[in-house]
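Worksheet: one structure, shown below.
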Amino acid sequence: MLKIGSYQFKSRLLLGTGKYPNYNIQRESVELSGAEILTFSVRRMNIFEPNQPNFLEKIDLKKYKLLPNTAGAKTAEEAVRTARLAKASGLCDMIKVEVIGCDKTLLPDPVETLKATEQLLEEGFTVLPYTSDDVVLARKLEELGAHAIMPAASPIGSGQGIINPLYLKFIIEQSNVPVIVDAGIGTPSDATIAMEMGADGVLLNTAVAGATDPVKMSKAMKLAIEAGRLGYEAGRIAKKPYATASSPKDGISVGS
């Protein structure tokens, strides 16, 4: 069971809702993924502009917990303002804090992320900050009271998979709150590796929405995350430099 703040979820896949070819494919992909948490940019919602299209209109939102994000924010002030708008509209009190510090790499601004996280925690939000694979920053965010840590596997939308497994492992080992790998996942095997490392969940969007067949990929990601979690819980065998016979010879007498 994935526990984030006061919430509990069976699925460990958090799914983004943007970039799909059309709303029908989006809906089917979401349903087959088994995800219980859907994330989206507040700036894309028609909260205060009713004339804007509702890109979630095909999804039965009563089945899901919504995780709005502050994508587009460049400062803590902008992120906090966006989070307040989402909460005021009745979407959810959970918020994914995303404060971008570099337009080329879309890497988060660590200072502004800390500021936004602290402010939103004081206001009673359930806060999930998006961060780089900075081990110290992850610890500081948890010390502030963040309800989960969301380190990137690689740059947003790049599909490169986990490019720094060592630092990601450090973050997972030191954390006492859920670690949800966010950004850069490209294939089901990437998701499985993240889960085998001990991550509590995976958030992805482009890997499904941008696939040749998003519906099939959403199901593949669901199974990959389940397999990775089971593998982590089962405990892998130790790596050895030499072969070990599958059928031991100990206790077996060999005739002359």
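Residues in the structure tokens are named by chain (A, B, ... in the order shown) and by number from 1 within that chain; ligands are numbered from 1 in the order shown.
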
Item to check | Backbone-only DSSP, strand (DSSP E or B) members of range 7-245 of chain A, as a VMD selection string | outcome: chain A and resid 7 to 9 13 to 16 37 to 41 65 to 69 73 94 to 97 99 to 100 108 126 to 131 149 to 151 179 to 182 201 to 204

Item to check | Contacts of Ile149 in chain A at 10 Å (only C-alpha atoms; same-chain gap of 4+ positions) as a count of residues only | outcome: 23

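Residues in contact with Gly124 in chain A at up to 10 Å, not including ones fewer than 5 positions away on its chain and judged by only C-alpha atoms, are Asp93, Met94 and Gln119 of chain A.
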
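In terms of minimum interatomic distance to Glu143 in chain A, A:Thr117 ranks closest within A:Ser6, A:Thr187, A:Thr117, A:Thr39, counting only C-alpha atoms.
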
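Counting only C-alpha atoms, the residue from A:Ala199, A:Ala71, A:Ala227, A:Ala88 that sits nearest to Ile156 in chain A is A:Ala71.
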
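Every protein or nucleic acid residue with an atom no more than 7 Å from Ala183 in chain A, counting only C-alpha atoms and leaving out same-chain residues fewer than 6 positions away, appears here: A:Ala152, A:Ala153, A:Ser154, A:Pro155, A:Ile156, A:Gly157, A:Leu203, A:Leu204.
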
Would you save the residues from that selection as an mmCIF file, in the first residue's frame, using all heavy atoms?
data_model
loop_
_atom_site.group_PDB
_atom_site.id
_atom_site.type_symbol
_atom_site.label_atom_id
_atom_site.label_comp_id
_atom_site.auth_asym_id
_atom_site.auth_seq_id
_atom_site.Cartn_x
_atom_site.Cartn_y
_atom_site.Cartn_z
ATOM 1 N N ALA A 152 13.932 13.173 -10.075
ATOM 2 C CA ALA A 152 13.892 12.845 -11.500
ATOM 3 C C ALA A 152 14.859 11.714 -11.803
ATOM 4 O O ALA A 152 15.970 11.667 -11.279
ATOM 5 C CB ALA A 152 14.250 14.070 -12.337
ATOM 6 N N ALA A 153 14.437 10.791 -12.683
ATOM 7 C CA ALA A 153 15.338 9.748 -13.171
ATOM 8 C C ALA A 153 16.298 10.351 -14.189
ATOM 9 O O ALA A 153 17.475 9.996 -14.258
ATOM 10 C CB ALA A 153 14.537 8.616 -13.804
ATOM 11 N N SER A 154 15.798 11.286 -14.991
ATOM 12 C CA SER A 154 16.548 12.029 -16.006
ATOM 13 C C SER A 154 15.669 13.212 -16.417
ATOM 14 O O SER A 154 14.535 13.332 -15.932
ATOM 15 C CB SER A 154 16.906 11.123 -17.195
ATOM 16 O OG SER A 154 15.772 10.477 -17.721
ATOM 17 N N PRO A 155 16.148 14.096 -17.290
ATOM 18 C CA PRO A 155 15.356 15.283 -17.633
ATOM 19 C C PRO A 155 13.935 14.970 -18.093
ATOM 20 O O PRO A 155 13.674 13.951 -18.734
ATOM 21 C CB PRO A 155 16.183 15.925 -18.753
ATOM 22 C CG PRO A 155 17.587 15.551 -18.418
ATOM 23 C CD PRO A 155 17.489 14.141 -17.903
ATOM 24 N N ILE A 156 13.018 15.861 -17.751
ATOM 25 C CA ILE A 156 11.597 15.711 -18.063
ATOM 26 C C ILE A 156 11.387 15.401 -19.549
ATOM 27 O O ILE A 156 11.885 16.100 -20.420
ATOM 28 C CB ILE A 156 10.831 17.003 -17.708
ATOM 29 C CG1 ILE A 156 10.854 17.229 -16.190
ATOM 30 C CG2 ILE A 156 9.391 16.940 -18.208
ATOM 31 C CD1 ILE A 156 10.256 18.557 -15.757
ATOM 32 N N GLY A 157 10.641 14.340 -19.819
ATOM 33 C CA GLY A 157 10.272 14.002 -21.190
ATOM 34 C C GLY A 157 11.389 13.444 -22.044
ATOM 35 O O GLY A 157 11.193 13.186 -23.239
ATOM 36 N N LEU A 203 6.066 8.192 -11.257
ATOM 37 C CA LEU A 203 5.173 9.103 -11.957
ATOM 38 C C LEU A 203 5.699 9.277 -13.366
ATOM 39 O O LEU A 203 6.880 9.560 -13.568
ATOM 40 C CB LEU A 203 5.095 10.452 -11.246
ATOM 41 C CG LEU A 203 4.040 11.428 -11.785
ATOM 42 C CD1 LEU A 203 3.577 12.388 -10.695
ATOM 43 C CD2 LEU A 203 4.530 12.237 -12.980
ATOM 44 N N LEU A 204 4.826 9.107 -14.345
ATOM 45 C CA LEU A 204 5.241 9.273 -15.726
ATOM 46 C C LEU A 204 4.084 9.802 -16.567
ATOM 47 O O LEU A 204 2.926 9.704 -16.186
ATOM 48 C CB LEU A 204 5.781 7.961 -16.300
ATOM 49 C CG LEU A 204 4.902 6.710 -16.179
ATOM 50 C CD1 LEU A 204 3.942 6.602 -17.349
ATOM 51 C CD2 LEU A 204 5.778 5.464 -16.117
#

Next on the checklist: Can you tell me, as a PyMOL selection string, which residues in range 9-254 of chain A count as helix (DSSP H, G or I) by DSSP?
Outcome noted: chain A and resi 23-33+42-44+61-63+76-88+110-122+135-144+165-174+188-196+206-209+214-234

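For the choices A:Asn24, A:Thr17, A:Thr113, A:Thr192, the atom-to-atom distance to Leu66 in chain A is smallest for A:Thr17 when using only C-alpha atoms.
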